[in-house]
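Enquirer: For reference, the file work29.csv (CSV, C-alpha atoms) is included below:
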chain,number,residue,atom,x,y,z
A,1,MET,CA,-45.0,-14.2,28.8
A,2,LYS,CA,-47.7,-13.9,31.4
A,3,LYS,CA,-45.5,-11.5,33.5
A,4,ASN,CA,-44.9,-9.4,30.5
A,5,ARG,CA,-48.6,-9.3,29.6
A,6,ARG,CA,-49.5,-8.3,33.2
A,7,SER,CA,-46.9,-5.5,33.0
A,8,PHE,CA,-48.2,-4.3,29.7
A,9,ILE,CA,-51.8,-4.2,31.0
A,10,LYS,CA,-50.7,-2.3,34.1
A,11,LYS,CA,-48.8,0.3,32.1
A,12,SER,CA,-51.8,0.7,29.7
A,13,ALA,CA,-54.1,1.3,32.6
A,14,SER,CA,-51.8,3.9,34.0
A,15,MET,CA,-51.6,5.7,30.7
A,16,ALA,CA,-55.4,5.6,30.4
A,17,ALA,CA,-55.7,7.1,33.8
A,18,MET,CA,-53.4,10.0,32.8
A,19,ALA,CA,-55.4,10.5,29.7
A,20,SER,CA,-58.6,10.7,31.6
A,21,LEU,CA,-57.2,13.5,33.7
A,22,GLY,CA,-56.9,15.6,30.5
A,23,GLY,CA,-53.1,15.6,30.5
A,24,ILE,CA,-52.8,17.2,33.9
A,25,ALA,CA,-50.2,14.7,35.0
A,26,TYR,CA,-48.2,15.3,31.9
A,27,ALA,CA,-48.4,19.1,32.3
A,28,ARG,CA,-47.2,18.8,35.9
A,29,SER,CA,-44.3,16.6,35.0
A,30,GLY,CA,-43.4,19.1,32.2
A,31,HIS,CA,-43.6,22.0,34.6
A,32,GLN,CA,-41.3,20.2,37.0
A,33,ALA,CA,-38.8,19.4,34.2
A,34,GLN,CA,-38.7,23.1,33.3
A,35,LYS,CA,-38.2,24.0,36.9
A,36,ASN,CA,-35.3,21.5,37.2
A,37,ILE,CA,-33.7,22.9,34.0
A,38,LYS,CA,-33.9,26.4,35.3
A,39,GLN,CA,-32.4,25.5,38.7
A,40,THR,CA,-29.6,23.6,37.0
A,41,ALA,CA,-28.8,26.6,34.8
A,42,GLU,CA,-28.8,28.9,37.8
A,43,LEU,CA,-26.5,26.5,39.7
A,44,ASN,CA,-24.2,26.2,36.7
A,45,GLY,CA,-24.0,30.0,36.5
A,46,LEU,CA,-23.1,30.3,40.1
A,47,SER,CA,-20.6,27.5,39.9
A,48,LYS,CA,-18.6,28.7,36.9
A,49,ASP,CA,-15.0,28.3,38.0
A,50,ALA,CA,-16.2,29.1,41.5
A,51,GLY,CA,-15.7,32.8,40.5
A,52,ILE,CA,-12.0,32.3,40.0
A,53,GLU,CA,-10.1,33.8,37.0
A,54,MET,CA,-8.7,30.8,35.2
A,55,SER,CA,-5.4,31.8,33.7
A,56,ASN,CA,-2.3,30.7,31.9
A,57,ALA,CA,1.3,31.9,31.9
A,58,TYR,CA,2.7,33.3,28.7
A,59,PHE,CA,6.4,34.0,29.6
A,60,TRP,CA,7.8,33.4,26.1
A,61,GLY,CA,5.7,35.9,24.3
A,62,MET,CA,2.7,35.8,22.0
A,63,GLU,CA,4.3,34.2,19.0
A,64,ALA,CA,5.7,31.3,21.1
A,65,HIS,CA,2.4,30.8,22.8
A,66,ALA,CA,0.1,31.2,19.7
A,67,TYR,CA,-1.3,27.7,20.1
A,68,LEU,CA,-1.9,28.0,23.8
A,69,ILE,CA,-3.7,31.4,23.2
A,70,GLU,CA,-6.2,29.7,20.9
A,71,LEU,CA,-6.6,26.7,23.3
A,72,ALA,CA,-7.2,29.1,26.2
A,73,LYS,CA,-10.0,30.9,24.4
A,74,GLN,CA,-11.6,27.6,23.5
A,75,MET,CA,-11.2,26.5,27.2
A,76,GLY,CA,-12.6,29.7,28.4
A,77,ALA,CA,-9.5,30.5,30.5
A,78,TYR,CA,-9.2,34.1,29.6
A,79,GLY,CA,-6.6,35.3,32.1
A,80,ALA,CA,-3.1,36.1,30.8
A,81,VAL,CA,-0.2,36.1,33.2
A,82,ALA,CA,3.1,37.4,31.8
A,83,GLY,CA,5.9,39.9,32.1
A,84,ILE,CA,6.2,43.2,30.3
A,85,ASP,CA,7.2,42.1,26.8
A,86,GLY,CA,9.2,44.9,25.0
A,87,ARG,CA,8.4,43.3,21.6
A,88,LEU,CA,4.8,44.6,22.1
A,89,PHE,CA,5.9,48.2,22.6
A,90,ARG,CA,5.0,50.6,19.7
A,91,ASN,CA,8.0,52.7,20.8
A,92,PRO,CA,11.0,50.3,20.7
A,93,ASN,CA,12.9,52.7,23.0
A,94,GLY,CA,10.1,52.8,25.6
A,95,LYS,CA,10.9,51.9,29.2
A,96,PRO,CA,9.0,49.0,30.7
A,97,TRP,CA,7.7,51.1,33.7
A,98,GLU,CA,6.3,53.9,31.4
A,99,TYR,CA,2.5,54.0,31.0
A,100,GLU,CA,2.6,53.9,27.2
A,101,SER,CA,4.7,50.8,27.2
A,102,ILE,CA,2.5,49.0,29.7
A,103,LYS,CA,-0.7,50.1,27.9
A,104,ASP,CA,0.7,48.6,24.7
A,105,VAL,CA,1.1,45.3,26.4
A,106,VAL,CA,-2.4,45.3,28.0
A,107,ASP,CA,-3.9,46.3,24.6
A,108,ALA,CA,-2.0,43.6,22.8
A,109,TRP,CA,-3.4,40.9,25.1
A,110,LYS,CA,-6.9,42.4,24.7
A,111,SER,CA,-6.5,42.3,20.9
A,112,VAL,CA,-6.1,38.5,21.0
A,113,GLY,CA,-9.1,38.0,23.2
A,114,LEU,CA,-7.4,37.6,26.6
A,115,LYS,CA,-7.3,39.7,29.8
A,116,TYR,CA,-3.8,40.6,31.1
A,117,ASN,CA,-4.6,40.2,34.8
A,118,VAL,CA,-1.3,39.6,36.6
A,119,VAL,CA,2.3,41.0,36.0
A,120,GLU,CA,4.6,38.1,36.9
A,121,GLY,CA,8.2,39.1,36.9
A,122,PRO,CA,8.1,42.9,37.1
A,123,PRO,CA,10.8,45.1,35.6
A,124,SER,CA,13.0,47.3,37.8
A,125,LEU,CA,13.3,44.8,40.7
A,126,GLY,CA,16.6,43.1,40.4
A,127,ASN,CA,19.9,42.3,42.1
A,128,LYS,CA,20.6,45.9,43.1
A,129,THR,CA,17.5,46.0,45.3
A,130,LYS,CA,17.6,42.4,46.6
A,131,LEU,CA,21.3,42.5,47.4
A,132,GLY,CA,21.4,46.1,48.5
A,133,LEU,CA,23.8,47.3,45.9
A,134,GLU,CA,24.5,50.8,44.5
A,135,GLY,CA,21.6,51.9,42.4
A,136,LYS,CA,18.9,50.2,44.5
A,137,ASP,CA,17.0,53.5,45.2
A,138,GLU,CA,16.7,54.2,41.5
A,139,GLU,CA,15.4,50.6,40.9
A,140,ILE,CA,12.8,51.1,43.7
A,141,GLU,CA,11.7,54.5,42.4
A,142,ASN,CA,11.2,52.9,38.9
A,143,PHE,CA,9.2,50.1,40.6
A,144,ILE,CA,6.9,52.6,42.3
A,145,THR,CA,6.4,54.3,38.9
A,146,PHE,CA,5.7,50.9,37.4
A,147,MET,CA,3.1,50.1,40.0
A,148,LYS,CA,1.2,53.3,39.4
A,149,ASN,CA,1.2,52.9,35.6
A,150,VAL,CA,0.2,49.2,35.8
A,151,LYS,CA,-2.7,50.2,38.0
A,152,LYS,CA,-3.7,53.0,35.6
A,153,ALA,CA,-3.6,50.5,32.7
A,154,GLY,CA,-6.1,48.2,34.6
A,155,VAL,CA,-3.9,45.5,36.2
A,156,ASP,CA,-4.0,45.3,40.0
A,157,VAL,CA,-1.7,42.3,40.9
A,158,ILE,CA,2.1,42.1,40.7
A,159,CYS,CA,3.7,38.8,41.5
A,160,TYR,CA,7.4,39.2,42.5
A,161,ASN,CA,10.1,37.2,44.2
A,162,TRP,CA,13.1,37.7,46.5
A,163,MET,CA,15.5,35.4,44.7
A,164,PRO,CA,18.5,37.4,43.6
A,165,VAL,CA,21.0,36.1,41.0
A,166,ILE,CA,19.6,32.6,40.9
A,167,SER,CA,15.9,32.5,40.4
A,168,TRP,CA,13.8,29.4,39.4
A,169,ALA,CA,16.1,26.4,39.2
A,170,ARG,CA,15.8,22.7,38.3
A,171,THR,CA,18.4,20.0,37.9
A,172,ASP,CA,16.4,17.8,35.6
A,173,MET,CA,14.1,19.2,32.9
A,174,ALA,CA,13.0,15.9,31.4
A,175,ARG,CA,12.4,13.3,34.2
A,176,LEU,CA,10.2,10.5,33.0
A,177,GLY,CA,6.8,10.6,34.6
A,178,ARG,CA,3.4,8.9,34.1
A,179,GLY,CA,3.1,7.3,30.6
A,180,GLY,CA,6.5,8.8,29.6
A,181,ALA,CA,5.5,12.4,30.1
A,182,LEU,CA,8.4,14.7,30.9
A,183,MET,CA,8.6,16.4,34.4
A,184,THR,CA,10.8,19.0,35.9
A,185,ALA,CA,12.8,18.0,39.1
A,186,PHE,CA,15.3,19.3,41.5
A,187,ASP,CA,18.1,17.6,43.6
A,188,TYR,CA,20.2,19.8,45.8
A,189,ASP,CA,23.1,17.3,45.7
A,190,ALA,CA,23.6,18.2,42.0
A,191,VAL,CA,24.2,21.9,42.9
A,192,LYS,CA,25.6,22.0,46.4
A,193,ASP,CA,29.2,22.0,45.4
A,194,LYS,CA,28.9,24.6,42.6
A,195,PRO,CA,31.3,27.6,43.1
A,196,LEU,CA,30.1,31.1,44.3
A,197,THR,CA,28.6,33.4,41.7
A,198,GLU,CA,30.3,36.7,40.7
A,199,TYR,CA,28.5,38.4,43.6
A,200,GLY,CA,30.2,36.3,46.2
A,201,GLU,CA,28.6,35.3,49.5
A,202,PHE,CA,25.7,37.0,51.3
A,203,THR,CA,23.9,36.4,54.6
A,204,LYS,CA,20.3,35.8,55.2
A,205,GLU,CA,20.0,38.9,57.4
A,206,THR,CA,21.3,41.0,54.6
A,207,LEU,CA,18.5,39.8,52.4
A,208,TRP,CA,16.0,40.4,55.2
A,209,ASP,CA,17.3,44.0,55.6
A,210,ASN,CA,17.0,44.6,51.9
A,211,LEU,CA,13.5,43.1,51.8
A,212,GLY,CA,12.4,45.3,54.7
A,213,TYR,CA,13.9,48.4,53.0
A,214,PHE,CA,11.9,47.6,49.8
A,215,LEU,CA,8.6,46.9,51.5
A,216,ARG,CA,8.7,50.1,53.6
A,217,ALA,CA,9.3,52.1,50.5
A,218,VAL,CA,6.7,50.5,48.2
A,219,VAL,CA,3.8,49.1,50.3
A,220,PRO,CA,2.5,52.6,51.4
A,221,GLU,CA,2.5,53.6,47.7
A,222,ALA,CA,0.7,50.3,46.8
A,223,GLU,CA,-2.0,51.1,49.4
A,224,GLN,CA,-2.7,54.5,48.0
A,225,ILE,CA,-3.4,53.1,44.5
A,226,GLY,CA,-4.9,49.7,45.4
A,227,MET,CA,-2.1,47.5,44.0
A,228,LYS,CA,-1.8,44.0,45.4
A,229,LEU,CA,1.8,42.9,45.9
A,230,ALA,CA,2.1,39.1,45.9
A,231,LEU,CA,5.4,37.7,47.0
A,232,HIS,CA,6.3,34.3,45.5
A,233,PRO,CA,8.1,31.7,47.6
A,234,ASP,CA,11.7,30.7,46.8
A,235,ASP,CA,11.8,28.0,44.2
A,236,PRO,CA,13.5,25.7,45.1
A,237,GLN,CA,13.0,26.4,48.7
A,238,VAL,CA,16.5,25.3,49.8
A,239,HIS,CA,18.6,27.5,52.2
A,240,SER,CA,21.3,28.6,49.8
A,241,ILE,CA,22.6,28.1,46.3
A,242,GLN,CA,26.1,29.1,45.3
A,243,GLY,CA,26.5,31.5,48.2
A,244,ILE,CA,23.1,33.2,47.6
A,245,PRO,CA,20.7,32.6,50.5
A,246,ARG,CA,17.0,31.9,50.2
A,247,ILE,CA,14.9,33.5,52.8
A,248,MET,CA,11.3,33.0,51.5
A,249,ASN,CA,11.5,29.3,52.1
A,250,THR,CA,9.5,28.6,55.2
A,251,VAL,CA,5.9,29.5,56.4
A,252,GLU,CA,7.4,31.2,59.4
A,253,ASN,CA,9.5,33.5,57.2
A,254,PHE,CA,6.4,34.5,55.2
A,255,ASP,CA,4.7,35.4,58.5
A,256,ARG,CA,7.7,37.5,59.3
A,257,MET,CA,7.5,39.2,55.9
A,258,LEU,CA,3.9,40.0,56.4
A,259,ASP,CA,4.6,41.5,59.8
A,260,ILE,CA,7.3,43.9,58.4
A,261,ILE,CA,4.6,46.2,57.2
A,262,ALA,CA,1.0,45.2,57.9
A,263,SER,CA,-1.2,46.0,54.9
A,264,ASP,CA,-4.0,44.4,52.9
A,265,TYR,CA,-1.7,45.0,49.9
A,266,ASN,CA,1.3,43.3,51.2
A,267,GLY,CA,0.4,39.7,50.3
A,268,ILE,CA,1.4,36.3,48.9
A,269,THR,CA,1.4,34.3,45.7
A,270,MET,CA,0.0,31.0,47.0
A,271,CYS,CA,2.3,28.7,45.1
A,272,GLN,CA,1.1,25.4,46.4
A,273,GLY,CA,4.0,23.3,45.2
A,274,ASN,CA,6.6,25.4,47.1
A,275,PHE,CA,4.6,25.7,50.3
A,276,SER,CA,3.9,22.0,50.3
A,277,LEU,CA,7.6,21.3,50.1
A,278,MET,CA,8.0,23.4,53.3
A,279,GLY,CA,5.8,21.0,55.2
A,280,PRO,CA,2.4,22.5,56.0
A,281,ASP,CA,-1.0,21.1,55.1
A,282,ILE,CA,-2.0,23.2,52.1
A,283,PRO,CA,-5.8,23.5,52.6
A,284,THR,CA,-5.2,24.6,56.2
A,285,LEU,CA,-2.6,27.2,55.1
A,286,ILE,CA,-4.9,28.5,52.4
A,287,ARG,CA,-7.6,29.1,55.0
A,288,ARG,CA,-5.2,30.8,57.4
A,289,TRP,CA,-3.7,33.2,55.0
A,290,GLY,CA,-6.9,33.5,52.9
A,291,ASN,CA,-9.1,34.5,55.8
A,292,ALA,CA,-6.5,37.1,56.7
A,293,GLY,CA,-6.8,38.5,53.1
A,294,LYS,CA,-3.2,37.7,52.2
A,295,ILE,CA,-3.6,35.5,49.1
A,296,HIS,CA,-3.6,37.7,46.0
A,297,PHE,CA,-2.7,35.2,43.3
A,298,VAL,CA,-2.5,31.4,43.0
A,299,HIS,CA,-0.2,28.9,41.3
A,300,PHE,CA,-2.1,25.7,41.3
A,301,ARG,CA,0.3,22.8,41.0
A,302,ASN,CA,1.3,19.5,42.6
A,303,VAL,CA,4.6,18.0,43.6
A,304,ARG,CA,6.1,14.9,45.1
A,305,GLU,CA,8.7,15.3,48.0
A,306,LEU,CA,11.6,12.8,47.7
A,307,SER,CA,14.2,14.0,50.3
A,308,GLY,CA,12.6,13.4,53.6
A,309,GLU,CA,13.7,16.9,54.7
A,310,LEU,CA,11.9,20.2,55.2
A,311,PRO,CA,12.3,22.4,53.4
A,312,SER,CA,12.7,19.8,50.7
A,313,THR,CA,16.0,19.3,49.0
A,314,LYS,CA,14.8,16.8,46.4
A,315,PHE,CA,11.4,16.7,44.6
A,316,THR,CA,9.7,16.2,41.3
A,317,GLU,CA,6.7,18.0,39.8
A,318,THR,CA,3.8,15.9,38.7
A,319,PHE,CA,0.5,15.9,36.9
A,320,HIS,CA,-2.0,17.9,38.9
A,321,ASP,CA,-3.9,14.7,40.0
A,322,GLU,CA,-1.0,12.6,41.3
A,323,GLY,CA,1.3,14.5,43.8
A,324,ASP,CA,1.3,15.0,47.5
A,325,ILE,CA,-1.3,17.7,47.8
A,326,ASP,CA,-5.0,17.0,48.2
A,327,MET,CA,-6.0,19.2,45.3
A,328,TYR,CA,-9.8,18.8,45.9
A,329,GLU,CA,-9.4,20.0,49.5
A,330,ALA,CA,-7.2,22.8,48.2
A,331,MET,CA,-9.8,24.0,45.8
A,332,ARG,CA,-12.4,23.7,48.5
A,333,ALA,CA,-10.3,25.9,50.7
A,334,TYR,CA,-10.1,28.6,48.0
A,335,TYR,CA,-13.9,28.4,47.7
A,336,ASP,CA,-14.4,28.7,51.4
A,337,ILE,CA,-12.2,31.8,51.7
A,338,GLY,CA,-14.1,33.4,48.8
A,339,PHE,CA,-11.0,33.7,46.5
A,340,LYS,CA,-12.0,35.4,43.3
A,341,GLY,CA,-8.6,36.4,41.9
A,342,ALA,CA,-6.3,34.9,39.2
A,343,MET,CA,-5.3,31.2,39.4
A,344,ARG,CA,-3.0,29.7,36.9
A,345,ALA,CA,-1.8,26.2,36.1
A,346,ASP,CA,1.8,25.9,37.0
A,347,HIS,CA,4.7,23.6,36.0
A,348,VAL,CA,2.8,21.1,33.9
A,349,PRO,CA,4.4,18.0,32.2
A,350,THR,CA,5.4,17.9,28.6
A,351,MET,CA,3.1,15.4,26.9
A,352,ALA,CA,3.2,13.1,23.9
A,353,GLY,CA,3.7,14.8,20.6
A,354,GLU,CA,5.3,17.9,22.1
A,355,GLU,CA,8.9,19.1,22.0
A,356,ASN,CA,10.2,19.9,25.4
A,357,LYS,CA,11.0,23.5,24.4
A,358,ARG,CA,9.5,25.2,27.5
A,359,PRO,CA,9.8,22.7,30.3
A,360,GLY,CA,6.9,23.1,32.7
A,361,TYR,CA,5.0,25.3,30.3
A,362,MET,CA,4.0,23.3,27.3
A,363,ASP,CA,0.5,23.5,25.8
A,364,LEU,CA,-1.1,20.1,26.4
A,365,GLY,CA,-0.2,20.0,30.0
A,366,ASN,CA,-1.9,23.3,30.5
A,367,LEU,CA,-5.0,22.0,28.6
A,368,PHE,CA,-5.1,19.0,31.0
A,369,ALA,CA,-4.6,21.2,34.1
A,370,ILE,CA,-7.2,23.8,33.3
A,371,GLY,CA,-9.8,21.0,32.7
A,372,TYR,CA,-8.9,19.4,36.0
A,373,MET,CA,-9.0,22.7,37.9
A,374,ARG,CA,-12.3,23.7,36.3
A,375,GLY,CA,-13.8,20.3,37.3
A,376,LEU,CA,-12.6,20.8,40.9
A,377,ALA,CA,-14.0,24.3,41.0
A,378,GLU,CA,-17.4,23.3,39.7
A,379,SER,CA,-17.5,20.3,42.1
A,380,VAL,CA,-16.8,22.3,45.3
A,381,SER,CA,-19.0,25.2,44.4
A,382,LYS,CA,-22.0,23.0,43.5
A,383,GLU,CA,-21.5,20.9,46.6
A,384,LYS,CA,-21.5,24.0,48.8
A,385,ARG,CA,-24.6,25.4,47.1
A,386,GLU,CA,-26.5,22.2,47.5
A,387,VAL,CA,-25.5,21.8,51.2
A,388,GLY,CA,-26.4,25.4,51.8
Mind converting the file's structure to structure tokens?

Expert:
Amino acid sequence: MKKNRRSFIKKSASMAAMASLGGIAYARSGHQAQKNIKQTAELNGLSKDAGIEMSNAYFWGMEAHAYLIELAKQMGAYGAVAGIDGRLFRNPNGKPWEYESIKDVVDAWKSVGLKYNVVEGPPSLGNKTKLGLEGKDEEIENFITFMKNVKKAGVDVICYNWMPVISWARTDMARLGRGGALMTAFDYDAVKDKPLTEYGEFTKETLWDNLGYFLRAVVPEAEQIGMKLALHPDDPQVHSIQGIPRIMNTVENFDRMLDIIASDYNGITMCQGNFSLMGPDIPTLIRRWGNAGKIHFVHFRNVRELSGELPSTKFTETFHDEGDIDMYEAMRAYYDIGFKGAMRADHVPTMAGEENKRPGYMDLGNLFAIGYMRGLAESVSKEKREVG
């Protein structure tokens, strides 16, 4: 009781002293509080997503992704990554490389409150070009026309791949993960004895020749209009599937690709998962290619390597916060290189209450991923501002 009484008397004396100063102490503390609030607001403004365009993928069309579209707007992730959806054309006979068709797609995304910022999976870039078959020159000409019209419509990044015949592949679309979530996974043993495709067998050098032919035709055109070409790594990054080789499956091969025609517009989709499964330290790789201006688009995902081989022949995809990649250091690297482009969550788990209709691309996993990515971005940007 005596201790409490002395404490009360001491506090009362302090309050009386403040009152005798005519409220000066109170005014000063209030001024400091206002200053702190202002500084915090400025810091938050500078830190918003570290200047990155937070985005989601919408490959199954607006109707299938109606819920994610609403979630994205509530999350403040306004970037829309998708292909050229013919269902959005006002002219059903329109070609996907024509300006009117592309503009219809851009306007459709704008009408639902999102910004169409990356074309992923461009039209007129298929097996003819990648395998060097008859008709490749027509495909390439249509691709150049497509680039020009996409740029005219306000989009300046095209994500493409060099995986003919067999593109993205998984051997398990519902592997049980944390808490019963469903993950995608790949095991080369499950596909290594499959027969050749209808195209037969090709060599890696054939694919290299065809890639060089394509790049020499399109990169100068991309330079003239300011179109960023972002090549995605092979996924999975094994050496061959059913007689079709995979050449974009090592870091060294990406360096070779970049050297075919040196240009600021000949760049990379930094798909962290695939590059991690090739063996490099991801933050180090981000800084190397990022400081060279080669990273045009980012797939932010995490994986767990299970084969003990490089490139990996067996892996599973995970929640963003539990795989092999140090995601905080990865985000810090993007901040350090000043990356301001589109970044999307990639290959998320299917969570409780969801049907596994689109493995890797269900809604709740994207919700978790964007929140996680945003937290990392704010953390690294505030840390850097405070240190600076």

Enquirer: To one decimal place, how far is CA of Gly279 in chain A from CA of His299 in chain A in Å?

Expert: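 Rounded to one decimal, the two atoms are 17.1 Å apart.
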
Enquirer: Env of Val106 in chain A: 10 Å cut, atoms = all atoms listed in the file, seq-sep filter 6 positions within chain, self excluded. Answer as number ranges by chain.

Expert: A: 80, 84, 88, 100, 114-117, 150, 153-155

Enquirer: Write the residues of the preceding selection, restricted to C-alpha atoms, as a short mmCIF file (atom, residue, chain, number, x, y, z; two decimals), in the coordinates of the input.

Expert:
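To be explicit, this is the file written out as out11.cif:
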data_model
loop_
_atom_site.label_atom_id
_atom_site.label_comp_id
_atom_site.auth_asym_id
_atom_site.auth_seq_id
_atom_site.Cartn_x
_atom_site.Cartn_y
_atom_site.Cartn_z
CA ALA A 80 -3.10 36.10 30.80
CA ILE A 84 6.20 43.20 30.30
CA LEU A 88 4.80 44.60 22.10
CA GLU A 100 2.60 53.90 27.20
CA LEU A 114 -7.40 37.60 26.60
CA LYS A 115 -7.30 39.70 29.80
CA TYR A 116 -3.80 40.60 31.10
CA ASN A 117 -4.60 40.20 34.80
CA VAL A 150 0.20 49.20 35.80
CA ALA A 153 -3.60 50.50 32.70
CA GLY A 154 -6.10 48.20 34.60
CA VAL A 155 -3.90 45.50 36.20
#

Enquirer: With a cut-off of 12 Å, could you pull out the residues of range 294-347 of chain A touching range 247-271 of chain A and give me the nearest pair of atoms for each, distance in Å to one decimal, using only C-alpha atoms, ordered by chain and ascending number, as JSON lines?

Expert:
{"residue": "A:Lys294", "atom": "CA", "partner": "A:Gly267", "partner_atom": "CA", "distance": 4.5}
{"residue": "A:Ile295", "atom": "CA", "partner": "A:Ile268", "partner_atom": "CA", "distance": 5.1}
{"residue": "A:His296", "atom": "CA", "partner": "A:Ile268", "partner_atom": "CA", "distance": 5.9}
{"residue": "A:Phe297", "atom": "CA", "partner": "A:Thr269", "partner_atom": "CA", "distance": 4.8}
{"residue": "A:Val298", "atom": "CA", "partner": "A:Met270", "partner_atom": "CA", "distance": 4.7}
{"residue": "A:His299", "atom": "CA", "partner": "A:Cys271", "partner_atom": "CA", "distance": 4.6}
{"residue": "A:Phe300", "atom": "CA", "partner": "A:Cys271", "partner_atom": "CA", "distance": 6.5}
{"residue": "A:Arg301", "atom": "CA", "partner": "A:Cys271", "partner_atom": "CA", "distance": 7.5}
{"residue": "A:Asn302", "atom": "CA", "partner": "A:Cys271", "partner_atom": "CA", "distance": 9.6}
{"residue": "A:Val303", "atom": "CA", "partner": "A:Cys271", "partner_atom": "CA", "distance": 11.0}
{"residue": "A:Leu310", "atom": "CA", "partner": "A:Thr250", "partner_atom": "CA", "distance": 8.7}
{"residue": "A:Pro311", "atom": "CA", "partner": "A:Thr250", "partner_atom": "CA", "distance": 7.0}
{"residue": "A:Ser312", "atom": "CA", "partner": "A:Asn249", "partner_atom": "CA", "distance": 9.7}
{"residue": "A:Thr313", "atom": "CA", "partner": "A:Asn249", "partner_atom": "CA", "distance": 11.4}
{"residue": "A:Ile325", "atom": "CA", "partner": "A:Cys271", "partner_atom": "CA", "distance": 11.9}
{"residue": "A:Ala330", "atom": "CA", "partner": "A:Met270", "partner_atom": "CA", "distance": 11.0}
{"residue": "A:Tyr334", "atom": "CA", "partner": "A:Met270", "partner_atom": "CA", "distance": 10.4}
{"residue": "A:Phe339", "atom": "CA", "partner": "A:Met270", "partner_atom": "CA", "distance": 11.3}
{"residue": "A:Gly341", "atom": "CA", "partner": "A:Thr269", "partner_atom": "CA", "distance": 10.9}
{"residue": "A:Ala342", "atom": "CA", "partner": "A:Thr269", "partner_atom": "CA", "distance": 10.1}
{"residue": "A:Met343", "atom": "CA", "partner": "A:Met270", "partner_atom": "CA", "distance": 9.3}
{"residue": "A:Arg344", "atom": "CA", "partner": "A:Cys271", "partner_atom": "CA", "distance": 9.8}
{"residue": "A:Ala345", "atom": "CA", "partner": "A:Cys271", "partner_atom": "CA", "distance": 10.2}
{"residue": "A:Asp346", "atom": "CA", "partner": "A:Cys271", "partner_atom": "CA", "distance": 8.6}
{"residue": "A:His347", "atom": "CA", "partner": "A:Cys271", "partner_atom": "CA", "distance": 10.7}

Enquirer: CA of Lys110 in chain A and CA of Leu68 in chain A are how many Å apart?

Expert: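 CA of Lys110 in chain A sits 15.3 Å away from CA of Leu68 in chain A.
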
Enquirer: Give as a ChimeraX atom specification each residue that has an atom at most 8 Å from (24.7, 34.2, 51.2) in the file, counting all atoms listed in the file.

Expert: /A:200-204,240,242-245

Enquirer: Could you state the separation of CA of Trp208 in chain A and CA of Lys130 in chain A in Å, given to one decimal place?

Expert: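 Interatomic distance here is 9.0 Å.
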
Enquirer: Of the residues A:Ala292, A:Val119, A:Ile140, A:Met278, which is the one nearest to Val105 in chain A, using all atoms listed in the file?

Expert: A:Val119

Enquirer: My list of candidates is A:Gly226, A:Glu70, A:Leu182, A:Met62. Which is closest to Glu354 in chain A when distances are computed with all atoms listed in the file?

Expert: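 Under the stated criterion, the closest residue is A:Leu182.
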
Enquirer: Compare A:Asp85, A:Asp172, A:Glu378, A:Glu221 by their minimum atom-to-atom distance to Thr145 in chain A, counting all atoms listed in the file, and give me the closest one.

Expert: A:Glu221

Enquirer: Once you count all atoms listed in the file, what closest atom pair and distance in Å to one decimal does each residue of range 185-243 of chain A within 8 Å of range 314-317 of chain A have, with rows by chain and rising residue number, as CSV?

Expert:
residue,atom,partner,partner_atom,distance
A:Ala185,CA,A:Thr316,CA,4.2
A:Phe186,CA,A:Lys314,CA,5.5
A:Asp187,CA,A:Lys314,CA,4.4
A:Tyr188,CA,A:Lys314,CA,6.2

Enquirer: Could you tell me which of A:Glu305, A:Asp193, A:Glu63, A:Asp156 comes closest to Glu223 in chain A if we count all atoms listed in the file?

Expert: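 Closest residue, counting all atoms listed in the file: A:Asp156.
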
Enquirer: For Gly212 in chain A, which residue among A:Ala50, A:Trp162, A:Asp321, A:Ala66 is the nearest when counting only C-alpha atoms?

Expert: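 Counting only C-alpha atoms, the residue closest to Gly212 in chain A is A:Trp162.
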
Enquirer: Here is a test: counting all atoms listed in the file, which residue of A:Arg304, A:Lys148, A:Arg246, A:Lys340 is nearest to Ala377 in chain A?

Expert: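 Once distances to Ala377 in chain A are computed over all atoms listed in the file, the minimum belongs to A:Lys340.
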
Enquirer: Set the distance at 6 Å and use all atoms listed in the file: which residues neighbour Pro283 in chain A once local chain neighbours fewer than 3 positions away are removed? I'd like the list as a list in words.

Expert: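 Listed by chain and then number, they are Ile286, Glu329, Ala330 and Ala333 of chain A.
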
Enquirer: Neighbouring residues of Gly76 in chain A were defined as those with any atom within 12 Å, considering all atoms listed in the file; residues of the same chain fewer than 4 positions away were excluded. Please report them as a PyMOL selection string.

Expert: chain A and resi 48-49+52-56+68-72+80+113-115+367+370-371+374

Enquirer: If we count only C-alpha atoms, what is near Phe146 in chain A at a cut-off of 12 Å, once residues fewer than 4 positions away on the same chain are taken out, given as a PyMOL selection string?

Expert: chain A and resi 84+95-103+119+122-125+139-142+150-153+155-158+218+221-222+225+227

Enquirer: Can you pull out every residue within 8 Å of range 362-365 of chain A, counting only C-alpha atoms, but drop anything in the same chain fewer than 2 positions away, and send it as number ranges by chain?

Expert: A: 67-68, 348-351, 354, 356-360, 367-369
